[in-house]
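Have a look at structure.cif below; it lists mmCIF, C-alpha atoms (C1' of nucleotides).
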```cif
data_work
loop_
_atom_site.label_atom_id
_atom_site.label_comp_id
_atom_site.auth_asym_id
_atom_site.auth_seq_id
_atom_site.Cartn_x
_atom_site.Cartn_y
_atom_site.Cartn_z
CA MET A 18 20.67 0.26 -14.20
CA PRO A 19 20.22 -1.66 -11.06
CA GLU A 20 17.42 -3.98 -10.25
CA LEU A 21 18.11 -7.13 -8.30
CA PRO A 22 19.62 -9.07 -11.22
CA GLU A 23 22.07 -6.24 -11.93
CA VAL A 24 23.09 -6.06 -8.28
CA GLU A 25 23.46 -9.83 -8.11
CA THR A 26 25.56 -9.78 -11.27
CA THR A 27 27.75 -7.05 -9.84
CA VAL A 28 28.30 -9.03 -6.66
CA THR A 29 29.17 -12.23 -8.52
CA GLY A 30 31.47 -10.26 -10.76
CA ILE A 31 33.45 -8.39 -8.14
CA THR A 32 33.63 -11.12 -5.49
CA PRO A 33 36.57 -13.06 -6.95
CA LEU A 34 38.27 -9.82 -7.94
CA ILE A 35 38.37 -8.12 -4.54
CA SER A 36 38.16 -10.96 -2.00
CA GLY A 37 41.33 -11.08 0.06
CA GLN A 38 42.59 -7.85 -1.46
CA LYS A 39 43.97 -5.14 0.78
CA ILE A 40 42.78 -1.55 0.48
CA THR A 41 45.52 1.02 0.15
CA ASN A 42 43.31 4.06 -0.15
CA ILE A 43 39.82 5.36 -0.77
CA VAL A 44 39.33 8.51 -2.81
CA ILE A 45 36.03 10.32 -2.39
CA ARG A 46 35.42 13.05 -4.95
CA GLU A 47 31.79 13.62 -4.05
CA HIS A 48 30.41 12.88 -0.59
CA ARG A 49 26.84 13.86 -1.36
CA LEU A 50 25.00 10.68 -2.22
CA ARG A 51 21.60 9.82 -0.77
CA TRP A 52 23.34 10.10 2.57
CA PRO A 53 26.79 11.63 2.93
CA ILE A 54 29.64 9.18 2.60
CA PRO A 55 31.36 9.10 6.02
CA ALA A 56 34.31 11.47 5.87
CA ASP A 57 36.53 9.09 7.83
CA LEU A 58 35.92 6.11 5.53
CA PRO A 59 39.41 6.24 3.98
CA LYS A 60 40.93 6.19 7.45
CA THR A 61 38.60 3.40 8.55
CA LEU A 62 39.44 1.10 5.65
CA GLN A 63 43.04 1.86 4.84
CA GLY A 64 45.09 -1.33 5.19
CA GLN A 65 42.00 -3.49 5.65
CA THR A 66 41.42 -6.71 3.73
CA VAL A 67 38.14 -7.73 2.10
CA ALA A 68 36.80 -10.73 4.01
CA SER A 69 33.71 -11.41 1.91
CA VAL A 70 31.21 -9.92 -0.52
CA SER A 71 27.49 -10.60 -0.44
CA ARG A 72 24.10 -9.11 -1.20
CA ARG A 73 20.97 -8.38 0.84
CA ALA A 74 18.09 -6.94 -1.17
CA LYS A 75 19.80 -4.40 -3.42
CA TYR A 76 22.56 -3.69 -0.95
CA ILE A 77 26.06 -4.87 -1.77
CA LEU A 78 27.79 -5.88 1.45
CA ILE A 79 31.57 -5.86 1.62
CA LYS A 80 32.67 -7.33 4.89
CA PHE A 81 35.90 -6.61 6.75
CA GLN A 82 37.22 -7.85 10.04
CA HIS A 83 35.75 -4.98 12.02
CA GLY A 84 32.69 -3.96 10.04
CA THR A 85 30.78 -3.89 6.77
CA LEU A 86 30.63 -1.50 3.87
CA LEU A 87 27.06 -1.12 2.53
CA ILE A 88 26.77 0.00 -1.06
CA HIS A 89 23.49 0.78 -2.81
CA LEU A 90 23.43 1.66 -6.50
CA GLY A 91 20.21 3.69 -6.36
CA MET A 92 18.75 4.38 -9.80
CA SER A 93 21.89 5.09 -11.76
CA GLY A 94 24.83 3.68 -9.85
CA SER A 95 27.44 1.23 -11.04
CA LEU A 96 30.60 -0.40 -9.75
CA ARG A 97 33.45 -1.25 -12.05
CA PHE A 98 36.69 -3.07 -11.37
CA ILE A 99 39.42 -1.27 -13.31
CA ASP A 100 43.05 -0.17 -13.21
CA LYS A 101 43.38 2.60 -10.67
CA ASP A 102 44.65 5.01 -13.32
CA PHE A 103 41.78 4.38 -15.70
CA GLU A 104 40.53 7.65 -17.14
CA LEU A 105 38.04 9.39 -14.89
CA ALA A 106 34.59 10.18 -16.17
CA LYS A 107 31.99 12.55 -14.88
CA HIS A 108 30.13 11.20 -11.84
CA ASP A 109 32.91 8.81 -10.89
CA HIS A 110 32.46 9.69 -7.23
CA VAL A 111 34.50 7.09 -5.34
CA ASP A 112 37.56 4.90 -5.90
CA ILE A 113 38.36 2.02 -3.58
CA ILE A 114 41.98 1.32 -4.41
CA PHE A 115 43.71 -2.01 -3.75
CA ASN A 116 47.35 -2.81 -3.32
CA ASN A 117 47.46 -4.70 -6.62
CA GLY A 118 46.90 -1.44 -8.51
CA LYS A 119 43.26 -2.20 -9.21
CA CYS A 120 40.29 -0.14 -8.18
CA LEU A 121 36.60 -0.49 -7.53
CA ARG A 122 35.07 2.65 -9.00
CA PHE A 123 31.61 3.88 -8.00
CA ARG A 124 29.78 5.99 -10.53
CA ASP A 125 26.32 7.46 -9.93
CA PRO A 126 25.02 10.40 -11.98
CA ARG A 127 21.81 10.85 -10.01
CA ARG A 128 23.41 10.28 -6.61
CA PHE A 129 20.50 8.24 -5.25
CA GLY A 130 22.98 5.58 -4.24
CA ALA A 131 24.67 5.18 -0.88
CA ILE A 132 27.97 4.11 0.62
CA LEU A 133 27.81 3.56 4.36
CA TRP A 134 29.90 1.90 7.02
CA THR A 135 28.60 -0.12 9.94
CA THR A 136 30.26 -2.04 12.74
CA ASP A 137 26.95 -3.60 13.81
CA GLU A 138 25.51 -6.89 12.66
CA VAL A 139 24.24 -6.00 9.19
CA SER A 140 20.85 -7.61 9.72
CA GLN A 141 20.27 -5.16 12.58
CA HIS A 142 21.12 -2.12 10.48
CA LYS A 143 18.41 0.49 10.14
CA LEU A 144 18.23 0.11 6.36
CA ILE A 145 18.17 -3.70 6.46
CA SER A 146 16.28 -4.82 9.55
CA HIS A 147 12.77 -4.10 8.26
CA LEU A 148 13.25 -5.84 4.91
CA GLY A 149 11.13 -8.78 3.77
CA PRO A 150 12.48 -12.10 2.48
CA GLU A 151 14.69 -12.62 -0.54
CA PRO A 152 12.50 -13.57 -3.51
CA LEU A 153 14.67 -16.53 -4.50
CA GLN A 154 14.73 -18.11 -1.07
CA ASP A 155 12.30 -20.64 0.33
CA ASP A 156 10.79 -18.38 2.99
CA PHE A 157 9.32 -16.38 0.13
CA ASN A 158 6.51 -18.77 -0.75
CA VAL A 159 2.79 -18.83 -1.39
CA ASP A 160 1.84 -19.31 2.27
CA TYR A 161 3.86 -16.29 3.33
CA LEU A 162 2.65 -14.13 0.45
CA PHE A 163 -0.99 -15.05 0.92
CA ARG A 164 -0.87 -14.43 4.67
CA ARG A 165 0.70 -11.01 4.25
CA SER A 166 -1.77 -10.06 1.52
CA ARG A 167 -4.96 -10.39 3.53
CA LYS A 168 -6.80 -7.13 4.29
CA ARG A 169 -4.38 -5.19 2.15
CA THR A 170 -6.10 -2.65 -0.05
CA VAL A 171 -3.17 -1.56 -2.21
CA SER A 172 -2.84 -2.70 -5.78
CA ILE A 173 -0.94 -5.93 -6.32
CA LYS A 174 1.82 -4.09 -8.16
CA GLN A 175 2.48 -1.78 -5.23
CA PHE A 176 2.31 -4.78 -2.92
CA ILE A 177 5.02 -6.80 -4.64
CA MET A 178 7.21 -3.70 -4.92
CA ASP A 179 6.99 -3.14 -1.16
CA SER A 180 10.37 -4.13 0.30
CA LYS A 181 8.75 -5.02 3.61
CA ILE A 182 6.86 -7.76 1.73
CA VAL A 183 9.63 -8.96 -0.56
CA VAL A 184 12.86 -7.34 -1.66
CA GLY A 185 14.27 -6.97 -5.12
CA VAL A 186 11.11 -6.64 -7.21
CA GLY A 187 11.64 -3.35 -9.02
CA ASN A 188 9.45 -1.60 -11.52
CA ILE A 189 10.47 -3.68 -14.54
CA TYR A 190 10.16 -7.07 -12.92
CA ALA A 191 6.91 -6.16 -11.18
CA SER A 192 5.26 -5.67 -14.57
CA GLU A 193 6.97 -8.73 -16.02
CA SER A 194 5.98 -10.99 -13.11
CA LEU A 195 2.36 -9.86 -13.15
CA PHE A 196 2.16 -10.57 -16.85
CA MET A 197 3.58 -14.04 -16.38
CA ALA A 198 1.10 -14.69 -13.58
CA GLY A 199 -1.83 -13.27 -15.58
CA ILE A 200 -2.73 -10.72 -12.90
CA HIS A 201 -3.82 -7.16 -13.66
CA PRO A 202 -1.49 -4.66 -11.95
CA THR A 203 -4.30 -2.63 -10.37
CA ARG A 204 -6.07 -5.59 -8.78
CA ALA A 205 -6.65 -5.15 -5.05
CA THR A 206 -4.16 -7.31 -3.18
CA GLY A 207 -6.52 -8.56 -0.48
CA LEU A 208 -9.01 -9.99 -2.99
CA ILE A 209 -6.59 -12.23 -4.87
CA SER A 210 -6.97 -15.99 -4.37
CA LYS A 211 -4.28 -18.25 -3.00
CA ALA A 212 -4.10 -20.11 -6.30
CA ARG A 213 -3.24 -16.90 -8.09
CA PHE A 214 -0.66 -16.01 -5.47
CA GLN A 215 0.97 -19.37 -6.18
CA LYS A 216 1.27 -18.33 -9.81
CA LEU A 217 2.61 -14.93 -8.83
CA CYS A 218 5.17 -16.37 -6.45
CA ASN A 219 6.41 -18.75 -9.13
CA ALA A 220 6.48 -15.94 -11.69
CA ILE A 221 8.57 -13.63 -9.50
CA LYS A 222 11.12 -16.37 -8.87
CA LYS A 223 11.22 -17.33 -12.53
CA VAL A 224 11.50 -13.80 -13.91
CA LEU A 225 14.24 -12.79 -11.49
CA SER A 226 16.32 -15.93 -11.88
CA LEU A 227 16.07 -15.72 -15.65
CA ALA A 228 17.18 -12.10 -15.56
CA ILE A 229 20.11 -13.00 -13.34
CA THR A 230 21.18 -15.58 -15.90
CA GLN A 231 20.98 -12.95 -18.64
CA GLY A 232 22.82 -10.36 -16.58
CA GLY A 233 25.57 -12.83 -15.95
CA THR A 234 26.34 -13.20 -19.62
CA THR A 235 26.17 -9.56 -20.64
CA LEU A 236 27.89 -7.88 -17.71
CA LYS A 237 30.54 -10.48 -17.08
CA ASP A 238 33.42 -8.24 -18.04
CA PHE A 239 33.81 -5.89 -15.14
CA SER A 240 36.96 -4.25 -16.39
CA ASN A 241 35.17 -2.82 -19.39
CA SER A 242 34.71 0.91 -19.35
CA ASP A 243 30.99 0.68 -19.74
CA GLY A 244 28.11 -1.63 -18.94
CA LYS A 245 25.55 -2.41 -21.56
CA PRO A 246 22.39 -0.38 -21.07
CA GLY A 247 19.15 -2.00 -22.08
CA TYR A 248 20.71 -5.43 -22.36
CA PHE A 249 17.55 -7.06 -21.02
CA LYS A 250 15.24 -5.21 -23.35
CA GLN A 251 14.80 -7.97 -25.89
CA GLN A 252 13.65 -10.30 -23.13
CA LEU A 253 10.93 -8.02 -21.83
CA THR A 254 7.39 -9.13 -22.51
CA VAL A 255 5.46 -6.03 -21.43
CA TYR A 256 7.72 -3.42 -19.86
CA ASP A 257 8.28 -0.43 -22.14
CA ARG A 258 6.15 -2.04 -24.85
CA ALA A 259 3.17 0.35 -24.79
CA ASP A 260 1.07 0.15 -27.97
CA LEU A 261 3.00 -2.88 -29.20
CA PRO A 262 1.30 -6.27 -29.62
CA CYS A 263 1.27 -8.68 -26.69
CA LYS A 264 3.76 -11.46 -27.35
CA LYS A 265 1.20 -14.04 -26.21
CA CYS A 266 -2.12 -12.84 -27.67
CA SER A 267 -1.32 -9.81 -29.90
CA GLN A 268 -3.61 -7.51 -27.95
CA THR A 269 -2.13 -3.99 -27.67
CA ILE A 270 -0.03 -3.53 -24.52
CA LYS A 271 -1.36 -0.78 -22.27
CA HIS A 272 0.56 1.76 -20.22
CA ILE A 273 -0.76 3.30 -17.02
CA THR A 274 0.71 5.23 -14.11
CA GLN A 275 0.47 3.79 -10.60
CA ASN A 276 1.93 5.84 -7.78
CA ASN A 277 4.00 7.79 -10.24
CA ARG A 278 5.56 4.67 -11.70
CA SER A 279 4.88 3.24 -15.14
CA SER A 280 3.00 -0.03 -15.39
CA TYR A 281 2.58 -2.07 -18.54
CA PHE A 282 0.14 -4.90 -19.05
CA CYS A 283 -2.02 -6.85 -21.47
CA SER A 284 -5.68 -6.41 -20.69
CA ARG A 285 -6.54 -9.74 -22.30
CA CYS A 286 -3.87 -11.87 -20.61
CA GLN A 287 -4.09 -10.12 -17.24
CA ARG A 288 -7.28 -9.92 -15.20
"C1'" DA B 12 -0.21 -0.96 10.79
"C1'" DC B 13 -1.38 0.86 6.48
"C1'" DA B 14 -1.73 4.19 2.56
"C1'" DT B 15 -0.18 8.24 0.15
"C1'" DT B 16 2.88 11.78 -1.22
"C1'" DG B 17 7.06 14.40 -1.54
"C1'" DA B 18 11.83 14.39 -1.68
"C1'" DC B 19 16.42 13.48 -3.28
"C1'" DC B 20 19.47 14.19 -8.27
"C1'" DT B 21 21.15 14.31 -13.33
"C1'" DG B 22 20.60 13.24 -18.13
"C1'" DG B 23 18.23 12.26 -22.29
"C1'" DG B 24 14.66 12.80 -25.49
"C1'" DA B 25 10.48 15.13 -27.37
"C1'" DG B 26 8.41 19.22 -28.78
"C1'" DC B 27 8.56 23.98 -29.92
"C1'" DT C 4 20.84 25.47 -31.12
"C1'" DG C 5 18.56 26.06 -27.22
"C1'" DC C 6 14.84 26.24 -24.14
"C1'" DT C 7 11.18 23.78 -21.38
"C1'" DC C 8 8.94 19.82 -19.99
"C1'" DC C 9 8.64 15.09 -18.94
"C1'" DC C 10 10.44 10.74 -17.92
"C1'" DA C 11 13.78 7.32 -15.89
"C1'" DG C 12 15.57 0.69 -13.43
"C1'" DG C 13 14.88 3.28 -5.86
"C1'" DT C 14 13.25 3.93 -1.43
"C1'" DC C 15 13.13 6.66 2.70
"C1'" DA C 16 10.69 10.19 5.62
"C1'" DA C 17 6.74 12.58 6.79
"C1'" DT C 18 1.82 12.84 7.14
"C1'" DG C 19 -2.92 11.36 7.69
#
```
Please, can you express the file's structure as structure tokens?
Amino acid sequence: MPELPEVETTVTGITPLISGQKITNIVIREHRLRWPIPADLPKTLQGQTVASVSRRAKYILIKFQHGTLLIHLGMSGSLRFIDKDFELAKHDHVDIIFNNGKCLRFRDPRRFGAILWTTDEVSQHKLISHLGPEPLQDDFNVDYLFRRSRKRTVSIKQFIMDSKIVVGVGNIYASESLFMAGIHPTRATGLISKARFQKLCNAIKKVLSLAITQGGTTLKDFSNSDGKPGYFKQQLTVYDRADLPCKKCSQTIKHITQNNRSSYFCSRCQR
DNA sequence: ACATTGACCTGGGAGC
DNA sequence: TGCTCCCAGGTCAATG
């Protein structure tokens, strides 16, 4: 269930557990993810020590002396830190095994995720180089957002979900942020005032950082066999609340489809 | 450069 | 029970 907060939580969770640990082996049971897992990955990483763990957009970056492992969780991926002999489940595609008997296990039923190796500077990587700023950093601000928005005809929801504009705003948090900012999801991006972009920018930062806080409490135990699906559901103000009353004004929440993705909004609170 | 659409996968739930 | 259909938290590649 990975949006940015889930990825961030995963990174914070596994960092102290795998940093400085030496890989003894990598077991790949299924190579066919979004792109094939490199067949020589076990050979590449055997005996190597984890130098650092970080995140860029929704990519988990595990750095070694001579390169970086890029992991993306796609729609249904997860990483768990467990004993290497922990019972295998369906869709447990990859084990990264450490010399302390522990294991980072990648599970991904839909196989939209990715595990790739690069020896280049990560920021130059094909999947990373075109990405926009991180939403929680200072270069994502109203001036930037307003400048990029001019002459754009797409709806504001599509715009904030465009990773070239800003990374990490997935379908849930797009709806949530637009509600908080009081902006209708179909509104044409190029016609929105700077004042409203200020609200939107603040909302995106607020919604994501709040969700990260929540994720940190519910997913903190990475040795558990299972994550907790829907943990954020109680916090949602509009997402997946079609036909339910708006938490602010009681108006019925509406559901529409934009570019084949669900959008939820309150037609009274959002204009 | 921008906008739109299809593609990649499996699983779960609704409806019959 | 079982079938079909639809939906799902992502994002790249191809096309106009």
Could you list, as an MDAnalysis selection string, every residue matched by the PyMOL selection byres ((chain A) within 7 of (chain B)) in this structure?
chainID A and resid 51 126:129
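Here CA of Pro59 (chain A) and CA of Thr29 (chain A) stand 24.5 Å from one another.
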Which of A:Pro262, A:Glu47, A:Lys101, A:Ala74 sits closest to chain C [using all atoms listed in the file]:
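Selected residue with least distance to chain C: A:Ala74.
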What's the separation between CA of Ser95 (chain A) and CA of Leu58 (chain A), in Å to one decimal place?
19.2 Å
Using only C-alpha atoms (C1' of nucleotides), I'd like every residue of chain A that has an atom within 10 Å of chain C; please write them out as a VMD selection string.
chain A and resid 18 to 21 23 51 75 89 to 93 129 to 130 144 179 to 180 187 to 190 247 278 to 279
Using the chain letters and numbering of this document, enumerate as a count of residues only the residues selected by the PyMOL selection byres ((chain A and resi 157-162) around 10).
28
Take CA of Val186 (chain A) and CA of Ala228 (chain A) and report the distance between them in Å, one decimal.
11.7 Å
Quick one: apply the PyMOL selection byres ((chain A and resi 55) around 12) to the file and drop the selected residues here as a short mmCIF file (atom, residue, chain, number, x, y, z; two decimals) with C-alpha atoms, in the coordinates of the input.
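Below is the file that was written, out.cif:
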```cif
data_model
loop_
_atom_site.label_atom_id
_atom_site.label_comp_id
_atom_site.auth_asym_id
_atom_site.auth_seq_id
_atom_site.Cartn_x
_atom_site.Cartn_y
_atom_site.Cartn_z
CA ILE A 43 39.82 5.36 -0.77
CA VAL A 44 39.33 8.51 -2.81
CA ILE A 45 36.03 10.32 -2.39
CA GLU A 47 31.79 13.62 -4.05
CA HIS A 48 30.41 12.88 -0.59
CA ARG A 49 26.84 13.86 -1.36
CA LEU A 50 25.00 10.68 -2.22
CA ARG A 51 21.60 9.82 -0.77
CA TRP A 52 23.34 10.10 2.57
CA PRO A 53 26.79 11.63 2.93
CA ILE A 54 29.64 9.18 2.60
CA ALA A 56 34.31 11.47 5.87
CA ASP A 57 36.53 9.09 7.83
CA LEU A 58 35.92 6.11 5.53
CA PRO A 59 39.41 6.24 3.98
CA LYS A 60 40.93 6.19 7.45
CA THR A 61 38.60 3.40 8.55
CA LEU A 62 39.44 1.10 5.65
CA LEU A 86 30.63 -1.50 3.87
CA LEU A 87 27.06 -1.12 2.53
CA VAL A 111 34.50 7.09 -5.34
CA ALA A 131 24.67 5.18 -0.88
CA ILE A 132 27.97 4.11 0.62
CA LEU A 133 27.81 3.56 4.36
CA TRP A 134 29.90 1.90 7.02
CA THR A 135 28.60 -0.12 9.94
#
```
